[in-house]
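Source file target_12.cif; content: mmCIF, C-alpha atoms and all ligand atoms.
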data_coords
#
loop_
_atom_site.label_atom_id
_atom_site.label_comp_id
_atom_site.auth_asym_id
_atom_site.auth_seq_id
_atom_site.Cartn_x
_atom_site.Cartn_y
_atom_site.Cartn_z
CA LYS A 5 -26.12 -62.10 -36.93
CA LYS A 6 -25.49 -58.46 -37.77
CA HIS A 7 -25.14 -55.96 -34.86
CA LYS A 8 -25.37 -58.74 -32.23
CA PHE A 9 -23.70 -56.32 -29.76
CA TRP A 10 -25.48 -53.09 -30.74
CA GLU A 11 -28.91 -54.70 -30.34
CA THR A 12 -28.10 -55.07 -26.63
CA GLN A 13 -27.24 -51.37 -26.22
CA PRO A 14 -29.40 -48.28 -25.45
CA VAL A 15 -29.12 -46.83 -28.94
CA GLY A 16 -31.76 -46.16 -31.56
CA GLN A 17 -32.63 -49.56 -33.04
CA PHE A 18 -33.44 -50.01 -36.75
CA LYS A 19 -36.72 -51.76 -35.74
CA ASP A 20 -37.78 -48.53 -33.97
CA LEU A 21 -37.23 -46.31 -37.01
CA GLY A 22 -40.45 -44.49 -37.83
CA ASP A 23 -42.00 -45.21 -34.42
CA THR A 24 -42.75 -41.57 -33.65
CA SER A 25 -44.36 -42.56 -30.34
CA LEU A 26 -40.88 -42.94 -28.87
CA PRO A 27 -39.85 -39.65 -27.21
CA GLU A 28 -36.70 -37.72 -28.06
CA GLY A 29 -34.15 -37.92 -25.24
CA PRO A 30 -32.43 -40.48 -23.01
CA ILE A 31 -33.30 -44.12 -23.74
CA GLU A 32 -32.25 -45.44 -20.30
CA LEU A 33 -32.39 -43.40 -17.08
CA PRO A 34 -29.22 -42.84 -15.01
CA THR A 35 -28.56 -45.12 -12.04
CA PRO A 36 -26.85 -44.04 -8.81
CA VAL A 37 -23.08 -44.15 -9.36
CA SER A 38 -22.89 -46.57 -6.41
CA GLU A 39 -24.90 -49.08 -8.48
CA VAL A 40 -22.52 -48.91 -11.46
CA LYS A 41 -20.38 -52.02 -11.86
CA GLN A 42 -17.29 -51.16 -9.77
CA GLU A 43 -14.86 -53.64 -11.31
CA PRO A 44 -13.67 -53.77 -14.94
CA TYR A 45 -15.28 -56.15 -17.43
CA ASN A 46 -13.50 -59.44 -18.03
CA LEU A 47 -11.06 -59.61 -20.94
CA PRO A 48 -9.94 -62.88 -22.60
CA SER A 49 -7.37 -64.40 -20.20
CA LEU A 50 -4.26 -63.42 -22.21
CA TYR A 51 -5.03 -59.70 -21.90
CA GLU A 52 -5.25 -57.02 -19.19
CA TRP A 53 -6.64 -53.50 -18.96
CA THR A 54 -4.30 -50.57 -18.70
CA THR A 55 -4.95 -46.84 -18.28
CA CYS A 56 -2.78 -44.99 -20.79
CA ASP A 57 -1.08 -41.93 -19.30
CA ILE A 58 -0.87 -39.80 -22.45
CA ASP A 59 1.44 -37.35 -20.59
CA SER A 60 4.07 -40.08 -20.46
CA GLU A 61 6.32 -39.85 -23.51
CA GLU A 62 6.73 -43.63 -23.52
CA THR A 63 3.01 -44.45 -23.31
CA CYS A 64 2.11 -41.75 -25.83
CA ALA A 65 4.64 -43.30 -28.19
CA GLU A 66 3.03 -46.75 -27.71
CA VAL A 67 -0.43 -45.32 -28.46
CA TYR A 68 0.95 -43.45 -31.47
CA SER A 69 2.57 -46.60 -32.81
CA LEU A 70 -0.54 -48.77 -32.29
CA LEU A 71 -2.73 -46.25 -34.16
CA THR A 72 -0.17 -45.60 -36.89
CA ASN A 73 -0.07 -49.31 -37.73
CA ASN A 74 -3.63 -50.45 -36.95
CA TYR A 75 -6.15 -47.54 -37.07
CA VAL A 76 -8.70 -46.56 -39.72
CA GLU A 77 -7.86 -47.01 -43.41
CA ASP A 78 -9.76 -45.74 -46.44
CA ASP A 79 -12.05 -48.16 -48.28
CA GLU A 80 -9.28 -49.14 -50.72
CA ASN A 81 -6.67 -49.64 -47.96
CA MET A 82 -4.33 -47.13 -49.62
CA PHE A 83 -4.18 -44.67 -46.68
CA ARG A 84 -4.24 -44.94 -42.88
CA PHE A 85 -4.81 -42.08 -40.42
CA ASN A 86 -1.52 -41.05 -38.84
CA TYR A 87 -2.46 -38.94 -35.81
CA SER A 88 0.64 -37.28 -34.36
CA LYS A 89 1.59 -37.53 -30.66
CA GLU A 90 1.02 -33.81 -30.14
CA PHE A 91 -2.41 -34.21 -31.79
CA LEU A 92 -3.30 -37.09 -29.43
CA ARG A 93 -2.26 -35.06 -26.36
CA TRP A 94 -4.44 -32.18 -27.61
CA ALA A 95 -7.40 -34.41 -28.50
CA LEU A 96 -7.38 -36.31 -25.20
CA ARG A 97 -6.74 -33.55 -22.62
CA PRO A 98 -9.51 -30.97 -22.95
CA PRO A 99 -10.83 -29.11 -19.88
CA GLY A 100 -12.24 -31.62 -17.37
CA TYR A 101 -10.78 -34.74 -19.01
CA PHE A 102 -10.46 -38.05 -17.13
CA LYS A 103 -7.25 -40.07 -17.42
CA SER A 104 -9.32 -43.19 -16.61
CA TRP A 105 -11.11 -42.75 -19.96
CA HIS A 106 -7.86 -43.34 -21.90
CA ILE A 107 -8.13 -47.12 -21.92
CA GLY A 108 -5.65 -49.64 -23.32
CA VAL A 109 -5.41 -53.43 -23.52
CA ARG A 110 -2.03 -55.09 -23.07
CA VAL A 111 -0.83 -58.68 -23.53
CA LYS A 112 -0.24 -59.83 -19.92
CA VAL A 113 3.10 -61.52 -20.64
CA SER A 114 4.73 -59.10 -23.08
CA LYS A 115 2.90 -55.91 -21.90
CA LYS A 116 2.47 -55.05 -25.61
CA LEU A 117 -0.30 -52.49 -26.19
CA VAL A 118 -2.76 -54.17 -28.58
CA ALA A 119 -5.96 -52.15 -28.29
CA PHE A 120 -7.16 -48.67 -27.33
CA ILE A 121 -10.36 -46.69 -26.83
CA THR A 122 -10.91 -43.19 -25.42
CA GLY A 123 -13.55 -40.85 -24.10
CA ILE A 124 -13.43 -37.13 -23.34
CA PRO A 125 -16.20 -35.10 -21.67
CA ALA A 126 -18.01 -32.51 -23.81
CA ARG A 127 -21.09 -30.39 -23.29
CA ILE A 128 -23.23 -30.98 -26.37
CA ARG A 129 -26.59 -29.41 -27.11
CA VAL A 130 -29.30 -31.46 -28.82
CA GLY A 131 -32.13 -29.09 -29.67
CA ASP A 132 -32.57 -26.95 -26.55
CA VAL A 133 -31.04 -29.47 -24.17
CA VAL A 134 -27.34 -29.26 -23.22
CA VAL A 135 -26.05 -32.58 -21.88
CA THR A 136 -22.50 -33.47 -20.81
CA LYS A 137 -21.64 -36.43 -23.00
CA ALA A 138 -18.57 -38.56 -23.56
CA GLU A 139 -17.05 -38.18 -27.02
CA ILE A 140 -15.76 -41.65 -27.84
CA ASN A 141 -12.88 -41.97 -30.28
CA PHE A 142 -9.75 -43.89 -31.30
CA LEU A 143 -11.27 -47.37 -30.95
CA CYS A 144 -8.45 -49.49 -32.33
CA VAL A 145 -7.75 -53.24 -32.13
CA HIS A 146 -4.42 -54.55 -33.46
CA LYS A 147 -4.84 -56.10 -36.91
CA LYS A 148 -3.76 -59.51 -35.56
CA LEU A 149 -6.50 -59.51 -32.90
CA ARG A 150 -9.49 -58.65 -35.08
CA SER A 151 -12.76 -60.68 -34.77
CA LYS A 152 -11.85 -61.82 -31.23
CA ARG A 153 -14.84 -59.73 -30.12
CA LEU A 154 -12.56 -57.30 -28.23
CA ALA A 155 -14.39 -54.18 -29.45
CA PRO A 156 -17.69 -54.94 -27.62
CA VAL A 157 -15.96 -55.45 -24.27
CA MET A 158 -13.88 -52.27 -24.82
CA ILE A 159 -17.03 -50.29 -25.57
CA LYS A 160 -18.69 -51.72 -22.43
CA GLU A 161 -15.61 -50.84 -20.33
CA VAL A 162 -15.41 -47.22 -21.52
CA THR A 163 -19.19 -46.97 -20.95
CA ARG A 164 -18.73 -48.28 -17.39
CA ARG A 165 -15.98 -45.74 -16.66
CA VAL A 166 -18.12 -42.94 -18.14
CA HIS A 167 -21.06 -44.03 -15.92
CA LEU A 168 -18.74 -43.90 -12.88
CA GLU A 169 -18.40 -40.15 -13.58
CA ASN A 170 -22.22 -39.86 -13.66
CA ILE A 171 -22.32 -39.24 -17.40
CA TRP A 172 -24.99 -41.19 -19.31
CA GLN A 173 -24.75 -40.12 -22.96
CA ALA A 174 -22.05 -40.33 -25.61
CA ALA A 175 -21.32 -39.20 -29.17
CA TYR A 176 -19.17 -40.94 -31.77
CA THR A 177 -18.69 -41.24 -35.53
CA ALA A 178 -17.90 -44.18 -37.79
CA GLY A 179 -17.47 -44.88 -41.46
CA VAL A 180 -19.69 -47.95 -41.05
CA VAL A 181 -23.47 -48.08 -40.57
CA LEU A 182 -24.44 -49.15 -37.02
CA PRO A 183 -27.78 -48.78 -35.18
CA THR A 184 -28.67 -45.93 -35.75
CA PRO A 185 -27.07 -42.84 -37.35
CA ILE A 186 -28.42 -39.46 -36.22
CA ALA A 187 -26.85 -38.02 -39.38
CA THR A 188 -25.00 -39.35 -42.40
CA CYS A 189 -22.45 -36.98 -43.91
CA GLN A 190 -20.55 -37.00 -47.15
CA TYR A 191 -16.88 -36.06 -47.13
CA TRP A 192 -15.25 -33.86 -49.76
CA HIS A 193 -11.63 -33.18 -50.70
CA ARG A 194 -10.05 -30.06 -52.20
CA SER A 195 -6.77 -30.78 -54.00
CA LEU A 196 -3.90 -28.44 -53.05
CA ASN A 197 -1.07 -30.53 -54.50
CA PRO A 198 -2.79 -32.36 -57.38
CA LYS A 199 0.41 -33.84 -58.79
CA LYS A 200 1.22 -35.67 -55.53
CA LEU A 201 -2.44 -36.69 -55.03
CA ILE A 202 -2.49 -38.28 -58.50
CA ASP A 203 0.97 -39.87 -58.00
CA VAL A 204 -0.19 -41.61 -54.81
CA GLY A 205 -3.59 -42.61 -56.19
CA PHE A 206 -5.67 -40.35 -53.93
CA SER A 207 -7.03 -38.57 -57.04
CA ARG A 208 -7.23 -39.54 -60.68
CA LEU A 209 -6.46 -37.35 -63.69
CA GLY A 210 -9.81 -36.13 -65.01
CA ALA A 211 -10.97 -37.29 -68.44
CA ARG A 212 -9.54 -35.08 -71.22
CA MET A 213 -7.29 -33.44 -68.57
CA THR A 214 -3.51 -33.13 -68.71
CA MET A 215 -1.40 -32.85 -65.55
CA SER A 216 -0.46 -29.22 -66.31
CA ARG A 217 -4.14 -28.34 -66.92
CA THR A 218 -4.99 -30.04 -63.60
CA ILE A 219 -2.28 -28.13 -61.71
CA LYS A 220 -3.61 -24.87 -63.20
CA LEU A 221 -7.21 -25.79 -62.27
CA TYR A 222 -6.33 -26.03 -58.55
CA LYS A 223 -3.90 -23.08 -58.47
CA LEU A 224 -4.53 -20.60 -55.62
CA PRO A 225 -3.35 -17.00 -55.00
CA GLU A 226 -0.07 -16.64 -53.12
CA SER A 227 -1.72 -14.70 -50.29
CA THR A 228 -5.12 -14.36 -48.60
CA VAL A 229 -7.53 -11.74 -49.92
CA THR A 230 -9.65 -10.72 -46.89
CA PRO A 231 -8.55 -7.45 -45.20
CA GLY A 232 -7.90 -8.07 -41.48
CA PHE A 233 -7.42 -11.85 -41.92
CA ARG A 234 -4.94 -13.02 -39.25
CA LYS A 235 -4.02 -15.89 -36.94
CA MET A 236 -6.07 -16.20 -33.75
CA GLU A 237 -4.27 -15.22 -30.51
CA LEU A 238 -4.97 -15.77 -26.80
CA ARG A 239 -6.42 -12.24 -26.47
CA ASP A 240 -9.10 -13.20 -29.07
CA VAL A 241 -10.60 -16.03 -26.99
CA PRO A 242 -13.50 -14.00 -25.49
CA ALA A 243 -14.55 -12.55 -28.85
CA VAL A 244 -14.18 -15.87 -30.70
CA THR A 245 -16.22 -17.60 -27.97
CA ARG A 246 -19.07 -15.09 -28.42
CA LEU A 247 -18.89 -15.35 -32.21
CA LEU A 248 -18.85 -19.15 -32.21
CA ARG A 249 -21.56 -19.62 -29.56
CA ASP A 250 -23.91 -17.30 -31.48
CA TYR A 251 -23.20 -19.05 -34.75
CA LEU A 252 -23.61 -22.63 -33.46
CA ARG A 253 -27.09 -21.86 -32.04
CA GLN A 254 -28.61 -22.40 -35.47
CA PHE A 255 -27.68 -26.11 -35.58
CA ILE A 256 -29.74 -28.84 -33.92
CA VAL A 257 -26.66 -30.66 -32.54
CA ALA A 258 -23.63 -28.55 -31.60
CA PRO A 259 -21.02 -28.21 -28.85
CA ASP A 260 -21.76 -25.78 -26.02
CA PHE A 261 -18.26 -24.21 -25.94
CA ASP A 262 -17.22 -21.88 -23.12
CA GLN A 263 -14.03 -19.75 -23.08
CA ASP A 264 -11.92 -22.56 -21.62
CA ASP A 265 -13.13 -24.91 -24.35
CA VAL A 266 -12.38 -22.32 -27.06
CA GLU A 267 -8.92 -21.72 -25.61
CA HIS A 268 -8.20 -25.46 -25.72
CA TRP A 269 -9.86 -26.46 -28.99
CA LEU A 270 -9.30 -23.39 -31.15
CA LEU A 271 -6.14 -21.55 -30.09
CA PRO A 272 -3.53 -22.39 -32.77
CA THR A 273 -1.34 -25.32 -31.76
CA GLU A 274 1.68 -26.05 -33.98
CA ASN A 275 1.07 -29.01 -36.30
CA VAL A 276 -2.33 -29.73 -34.66
CA VAL A 277 -4.90 -26.96 -35.14
CA ASP A 278 -4.83 -23.63 -37.01
CA SER A 279 -7.31 -20.82 -36.51
CA TYR A 280 -7.71 -17.53 -38.31
CA LEU A 281 -10.09 -14.66 -37.83
CA VAL A 282 -11.12 -11.45 -39.57
CA GLU A 283 -10.63 -8.32 -37.46
CA SER A 284 -12.34 -5.39 -39.15
CA PRO A 285 -9.59 -2.84 -39.95
CA GLU A 286 -12.07 -0.01 -39.19
CA THR A 287 -13.87 -1.18 -36.04
CA HIS A 288 -11.43 -3.89 -34.82
CA GLU A 289 -14.51 -6.06 -34.32
CA ILE A 290 -13.94 -9.79 -34.91
CA THR A 291 -16.49 -10.69 -37.57
CA ASP A 292 -15.43 -14.09 -38.98
CA PHE A 293 -13.44 -17.19 -38.06
CA CYS A 294 -12.09 -20.28 -39.76
CA SER A 295 -10.06 -23.24 -38.51
CA PHE A 296 -8.71 -26.59 -39.61
CA TYR A 297 -6.96 -29.46 -37.85
CA THR A 298 -3.92 -31.38 -39.12
CA LEU A 299 -4.38 -35.12 -39.59
CA PRO A 300 -1.82 -36.69 -41.90
CA SER A 301 -2.31 -40.12 -43.41
CA SER A 302 0.29 -42.78 -44.05
CA ILE A 303 0.43 -43.68 -47.75
CA LEU A 304 0.53 -47.48 -47.90
CA GLY A 305 2.85 -48.90 -50.55
CA ASN A 306 4.03 -45.93 -52.61
CA GLN A 307 7.69 -45.61 -53.64
CA ASN A 308 7.94 -41.81 -53.70
CA HIS A 309 5.71 -40.59 -50.85
CA SER A 310 4.97 -41.95 -47.37
CA ILE A 311 2.80 -39.20 -45.85
CA LEU A 312 -0.27 -37.35 -47.13
CA LYS A 313 -0.46 -33.96 -45.42
CA ALA A 314 -4.18 -33.30 -44.88
CA ALA A 315 -6.10 -30.41 -43.31
CA TYR A 316 -9.60 -31.05 -42.00
CA SER A 317 -12.14 -28.23 -41.87
CA TYR A 318 -13.01 -27.63 -38.20
CA TYR A 319 -15.23 -24.70 -37.03
CA ASN A 320 -15.95 -21.76 -39.34
CA VAL A 321 -18.06 -18.68 -38.66
CA SER A 322 -18.98 -16.11 -41.27
CA THR A 323 -20.95 -12.99 -40.30
CA LYS A 324 -19.44 -10.29 -42.60
CA THR A 325 -16.98 -12.02 -44.95
CA PRO A 326 -18.75 -14.33 -47.44
CA LEU A 327 -18.15 -17.95 -46.31
CA LEU A 328 -16.89 -18.70 -49.83
CA GLN A 329 -14.16 -16.06 -49.54
CA LEU A 330 -13.30 -17.06 -45.95
CA MET A 331 -12.91 -20.73 -46.90
CA ASN A 332 -10.88 -19.80 -49.97
CA ASP A 333 -8.50 -17.91 -47.66
CA ALA A 334 -8.29 -21.08 -45.55
CA LEU A 335 -7.30 -23.03 -48.67
CA ILE A 336 -4.68 -20.37 -49.51
CA VAL A 337 -3.16 -20.62 -46.02
CA ALA A 338 -3.16 -24.42 -46.15
CA LYS A 339 -1.43 -24.34 -49.54
CA GLN A 340 1.14 -21.85 -48.14
CA ARG A 341 1.74 -24.35 -45.30
CA ASP A 342 2.38 -27.17 -47.81
CA TYR A 343 -0.77 -29.26 -47.21
CA ASP A 344 -1.61 -31.69 -49.99
CA VAL A 345 -5.39 -31.75 -49.52
CA PHE A 346 -8.11 -29.95 -47.55
CA ASN A 347 -10.98 -32.17 -46.38
CA ALA A 348 -14.47 -31.14 -45.30
CA LEU A 349 -17.77 -32.75 -44.41
CA ASP A 350 -21.04 -31.44 -45.86
CA ILE A 351 -22.13 -30.33 -42.36
CA MET A 352 -23.07 -26.82 -41.17
CA HIS A 353 -23.02 -24.44 -44.17
CA ASN A 354 -20.20 -26.28 -45.89
CA GLU A 355 -22.39 -27.35 -48.81
CA SER A 356 -22.55 -23.69 -49.88
CA PHE A 357 -18.87 -23.60 -50.85
CA LEU A 358 -17.79 -27.17 -51.61
CA LYS A 359 -18.46 -27.27 -55.35
CA GLU A 360 -17.55 -23.65 -56.04
CA LEU A 361 -14.16 -24.04 -54.30
CA LYS A 362 -13.47 -27.15 -56.40
CA TYR A 363 -13.88 -29.79 -53.71
CA GLY A 364 -14.57 -33.25 -55.11
CA PRO A 365 -16.80 -35.78 -53.33
CA GLY A 366 -14.97 -38.45 -51.33
CA ASP A 367 -15.76 -42.13 -51.78
CA GLY A 368 -17.31 -42.62 -48.37
CA GLN A 369 -19.65 -41.33 -45.71
CA LEU A 370 -19.19 -40.46 -42.07
CA HIS A 371 -22.08 -41.43 -39.77
CA TYR A 372 -22.75 -39.61 -36.49
CA TYR A 373 -24.16 -41.50 -33.47
CA LEU A 374 -25.50 -40.72 -30.01
CA TYR A 375 -25.44 -43.30 -27.23
CA ASN A 376 -28.47 -43.48 -24.91
CA TYR A 377 -30.18 -40.53 -26.59
CA ARG A 378 -32.95 -40.86 -29.18
CA VAL A 379 -33.64 -38.16 -31.74
CA LYS A 380 -37.10 -38.15 -33.33
CA HIS A 381 -35.76 -37.66 -36.86
CA ALA A 382 -32.32 -38.11 -38.34
CA LEU A 383 -30.65 -34.76 -39.00
CA LYS A 384 -29.69 -33.37 -42.37
CA PRO A 385 -25.91 -32.72 -42.44
CA SER A 386 -26.70 -28.98 -42.57
CA GLU A 387 -28.40 -29.32 -39.16
CA LEU A 388 -25.22 -30.72 -37.61
CA GLY A 389 -22.76 -28.33 -35.94
CA LEU A 390 -20.43 -30.87 -34.31
CA VAL A 391 -16.98 -31.83 -35.62
CA LEU A 392 -15.32 -34.88 -34.05
CA LEU A 393 -11.60 -35.48 -34.50
C1 LIG B 1 -6.91 -40.02 -46.73
O1 LIG B 1 -6.61 -40.92 -45.70
C2 LIG B 1 -7.65 -41.61 -45.11
C3 LIG B 1 -7.30 -42.47 -44.07
C4 LIG B 1 -8.32 -43.19 -43.46
C5 LIG B 1 -9.66 -43.05 -43.84
C6 LIG B 1 -9.97 -42.17 -44.88
C7 LIG B 1 -11.41 -42.01 -45.32
C8 LIG B 1 -12.21 -41.51 -44.15
N1 LIG B 1 -12.80 -42.32 -43.40
N2 LIG B 1 -12.29 -40.14 -43.95
C9 LIG B 1 -13.02 -39.61 -42.92
O2 LIG B 1 -13.55 -40.28 -42.06
C10 LIG B 1 -13.14 -38.14 -42.92
C11 LIG B 1 -13.29 -37.42 -44.09
C12 LIG B 1 -13.46 -36.02 -44.01
C13 LIG B 1 -13.48 -35.39 -42.77
N3 LIG B 1 -13.31 -36.11 -41.62
C14 LIG B 1 -13.13 -37.43 -41.69
O3 LIG B 1 -12.96 -38.16 -40.52
C15 LIG B 1 -12.50 -37.42 -39.41
C16 LIG B 1 -13.62 -37.40 -38.39
C17 LIG B 1 -13.86 -38.80 -37.82
N4 LIG B 1 -12.63 -39.38 -37.29
C18 LIG B 1 -11.57 -39.46 -38.32
C19 LIG B 1 -11.24 -38.09 -38.88
C20 LIG B 1 -8.98 -41.44 -45.52
#

Using structure tokens, write down the structure that the file contains.
Amino acid sequence: KKHKFWETQPVGQFKDLGDTSLPEGPIELPTPVSEVKQEPYNLPSLYEWTTCDIDSEETCAEVYSLLTNNYVEDDENMFRFNYSKEFLRWALRPPGYFKSWHIGVRVKVSKKLVAFITGIPARIRVGDVVVTKAEINFLCVHKKLRSKRLAPVMIKEVTRRVHLENIWQAAYTAGVVLPTPIATCQYWHRSLNPKKLIDVGFSRLGARMTMSRTIKLYKLPESTVTPGFRKMELRDVPAVTRLLRDYLRQFIVAPDFDQDDVEHWLLPTENVVDSYLVESPETHEITDFCSFYTLPSSILGNQNHSILKAAYSYYNVSTKTPLLQLMNDALIVAKQRDYDVFNALDIMHNESFLKELKYGPGDGQLHYYLYNYRVKHALKPSELGLVLL
């Protein structure tokens, strides 16, 4: 039976698609926190719950190692996400985070970490309504423990701990179709190091293309072209917050970032997130912004290369500099910093530059989901202003 678990959950159900009598908004009403199940769900007897203290070097290393060996792979099982420890600390400790939402499963006897799931709080606007939701991520079950039905009980446990903080909605993405996507996005890749991408099988040499012709096709200028283009600094947080808040208002679903959020999520962090802005040389006004996060992938089974260095488009705002030029400067910076590929989803206004900047379509889709919140109509990717890590 497909979706045996998801048909028991307060999520849009496939059978309800098209039933426009169902109102947009929460599917189930909150209950008093005192009525939320106080004790953890039962795990199979060999396993126990653990709260992962990501500040602890040892525990962070265990989480890193579990994900590096058992997390999401591409459809052809050639690559596996390889989130770094500093990335995980950044992703899991935003303003207002709860340690109790960093949940692990250990083998009772050996204490080996064999599964993980996380939540972080985020204020997310859907239409005109801002709701504090949990962003759920990093659901990972060790390869040797698959189809033991651990994922449903882990999802129920993180939901229970989110309810204990009086939060009743969540957002998450997946490469698989579950009940029911609020948006389905296409991912795109822009080659920066085409020779390596072809060597490792990420890309294929185009028909009637030689390697040298391919290298020339993706060649970028040595330096950025936009006057006033520079790295974001702490002093820019107020202006970037204003710029980003104004820009994100046009999307139906988007984060409701305040200055503390912008300082955490967008201030450059070595090897994790890079942000650049355009400060007008005349007026010193900050008019544009672009950012990308660093998520390498392990290359499975290649003699010459073990890591694919990938940049992922994050939040970009263009008010004076054409988005095309801004995003080309982002490519130039990523190439300068030795990235192999620059990835982007077709969300926000990204569609306007993907083809022109020589992105190629990826071989999969990323579906966005809300938990306990119905939207009347699925969104077009261009109506989506939310990037999950
Ligand atoms: C190249 O290495 C990969 C390793 C594992 C999976 C994939 C394909 C894939 N599933 N890609 C994406 O989900 C993706 C493609 C473009 C932009 N963001 C993405 O995912 C983000 C957001 C969701 N959480 C994972 C990272 C590629």

Subject >> Expected answer as a list in words: residues within 6 Å of ligand LIG 1 (chain B), all atoms listed in the file >> reply: Val76, Glu77, Asp78, Phe83, Arg84, Phe85, Thr177, Gly179, Tyr191, Ser301, Tyr316, Asn347, Ala348, Leu349, Leu370, Leu392 and Leu393 of chain A

Subject >> Nearest candidate to Tyr319 in chain A (options A:Ser279, A:Ser88, A:Ser151, A:Gln340; using only C-alpha atoms) >> reply: A:Ser279

**OP:** Please write as a VMD selection string the list of polymer residues whose atoms come within 12 Å of (-12.6, -17.0, -38.4), counting all atoms listed in the file and keeping to the coordinates of the file.
**Re:** chain A and resid 230 232 to 237 240 to 241 243 to 245 247 to 248 251 270 to 272 278 to 284 289 to 296 317 to 327 329 to 331 333 to 334

Using only C-alpha atoms, please write the residues we just selected to a file, as a PDB file, in the frame of the given file.
ATOM      1  CA  THR A 230      -9.650 -10.720 -46.890  1.00  0.00           C
ATOM      2  CA  GLY A 232      -7.900  -8.070 -41.480  1.00  0.00           C
ATOM      3  CA  PHE A 233      -7.420 -11.850 -41.920  1.00  0.00           C
ATOM      4  CA  ARG A 234      -4.940 -13.020 -39.250  1.00  0.00           C
ATOM      5  CA  LYS A 235      -4.020 -15.890 -36.940  1.00  0.00           C
ATOM      6  CA  MET A 236      -6.070 -16.200 -33.750  1.00  0.00           C
ATOM      7  CA  GLU A 237      -4.270 -15.220 -30.510  1.00  0.00           C
ATOM      8  CA  ASP A 240      -9.100 -13.200 -29.070  1.00  0.00           C
ATOM      9  CA  VAL A 241     -10.600 -16.030 -26.990  1.00  0.00           C
ATOM     10  CA  ALA A 243     -14.550 -12.550 -28.850  1.00  0.00           C
ATOM     11  CA  VAL A 244     -14.180 -15.870 -30.700  1.00  0.00           C
ATOM     12  CA  THR A 245     -16.220 -17.600 -27.970  1.00  0.00           C
ATOM     13  CA  LEU A 247     -18.890 -15.350 -32.210  1.00  0.00           C
ATOM     14  CA  LEU A 248     -18.850 -19.150 -32.210  1.00  0.00           C
ATOM     15  CA  TYR A 251     -23.200 -19.050 -34.750  1.00  0.00           C
ATOM     16  CA  LEU A 270      -9.300 -23.390 -31.150  1.00  0.00           C
ATOM     17  CA  LEU A 271      -6.140 -21.550 -30.090  1.00  0.00           C
ATOM     18  CA  PRO A 272      -3.530 -22.390 -32.770  1.00  0.00           C
ATOM     19  CA  ASP A 278      -4.830 -23.630 -37.010  1.00  0.00           C
ATOM     20  CA  SER A 279      -7.310 -20.820 -36.510  1.00  0.00           C
ATOM     21  CA  TYR A 280      -7.710 -17.530 -38.310  1.00  0.00           C
ATOM     22  CA  LEU A 281     -10.090 -14.660 -37.830  1.00  0.00           C
ATOM     23  CA  VAL A 282     -11.120 -11.450 -39.570  1.00  0.00           C
ATOM     24  CA  GLU A 283     -10.630  -8.320 -37.460  1.00  0.00           C
ATOM     25  CA  SER A 284     -12.340  -5.390 -39.150  1.00  0.00           C
ATOM     26  CA  GLU A 289     -14.510  -6.060 -34.320  1.00  0.00           C
ATOM     27  CA  ILE A 290     -13.940  -9.790 -34.910  1.00  0.00           C
ATOM     28  CA  THR A 291     -16.490 -10.690 -37.570  1.00  0.00           C
ATOM     29  CA  ASP A 292     -15.430 -14.090 -38.980  1.00  0.00           C
ATOM     30  CA  PHE A 293     -13.440 -17.190 -38.060  1.00  0.00           C
ATOM     31  CA  CYS A 294     -12.090 -20.280 -39.760  1.00  0.00           C
ATOM     32  CA  SER A 295     -10.060 -23.240 -38.510  1.00  0.00           C
ATOM     33  CA  PHE A 296      -8.710 -26.590 -39.610  1.00  0.00           C
ATOM     34  CA  SER A 317     -12.140 -28.230 -41.870  1.00  0.00           C
ATOM     35  CA  TYR A 318     -13.010 -27.630 -38.200  1.00  0.00           C
ATOM     36  CA  TYR A 319     -15.230 -24.700 -37.030  1.00  0.00           C
ATOM     37  CA  ASN A 320     -15.950 -21.760 -39.340  1.00  0.00           C
ATOM     38  CA  VAL A 321     -18.060 -18.680 -38.660  1.00  0.00           C
ATOM     39  CA  SER A 322     -18.980 -16.110 -41.270  1.00  0.00           C
ATOM     40  CA  THR A 323     -20.950 -12.990 -40.300  1.00  0.00           C
ATOM     41  CA  LYS A 324     -19.440 -10.290 -42.600  1.00  0.00           C
ATOM     42  CA  THR A 325     -16.980 -12.020 -44.950  1.00  0.00           C
ATOM     43  CA  PRO A 326     -18.750 -14.330 -47.440  1.00  0.00           C
ATOM     44  CA  LEU A 327     -18.150 -17.950 -46.310  1.00  0.00           C
ATOM     45  CA  GLN A 329     -14.160 -16.060 -49.540  1.00  0.00           C
ATOM     46  CA  LEU A 330     -13.300 -17.060 -45.950  1.00  0.00           C
ATOM     47  CA  MET A 331     -12.910 -20.730 -46.900  1.00  0.00           C
ATOM     48  CA  ASP A 333      -8.500 -17.910 -47.660  1.00  0.00           C
ATOM     49  CA  ALA A 334      -8.290 -21.080 -45.550  1.00  0.00           C
TER      50      ALA A 334
END

Show me, as a PDB file with C-alpha atoms, in the coordinates of the input, the residues that have an atom within 7 Å of Arg127 in chain A when counting all atoms listed in the file, minus same-chain residues fewer than 5 positions from it.
ATOM      1  CA  VAL A 134     -27.340 -29.260 -23.220  1.00  0.00           C
ATOM      2  CA  VAL A 135     -26.050 -32.580 -21.880  1.00  0.00           C
ATOM      3  CA  THR A 136     -22.500 -33.470 -20.810  1.00  0.00           C
ATOM      4  CA  LYS A 137     -21.640 -36.430 -23.000  1.00  0.00           C
ATOM      5  CA  PRO A 259     -21.020 -28.210 -28.850  1.00  0.00           C
ATOM      6  CA  ASP A 260     -21.760 -25.780 -26.020  1.00  0.00           C
TER       7      ASP A 260
END

**OP:** Using all atoms listed in the file, determine which residues lie at most 6 Å from His146 in chain A, disregarding the query and same-chain residues fewer than 3 positions distant; provide the list as a PyMOL selection string.
**Re:** chain A and resi 74+118-119+149

Dump C-alpha atoms for the selected residues as a compact mmCIF listing (two decimals), in the frame of the given file?
# COMPACT_ATOMS: atom_id res chain seq x y z
CA ASN A 74 -3.63 -50.45 -36.95
CA VAL A 118 -2.76 -54.17 -28.58
CA ALA A 119 -5.96 -52.15 -28.29
CA LEU A 149 -6.50 -59.51 -32.90
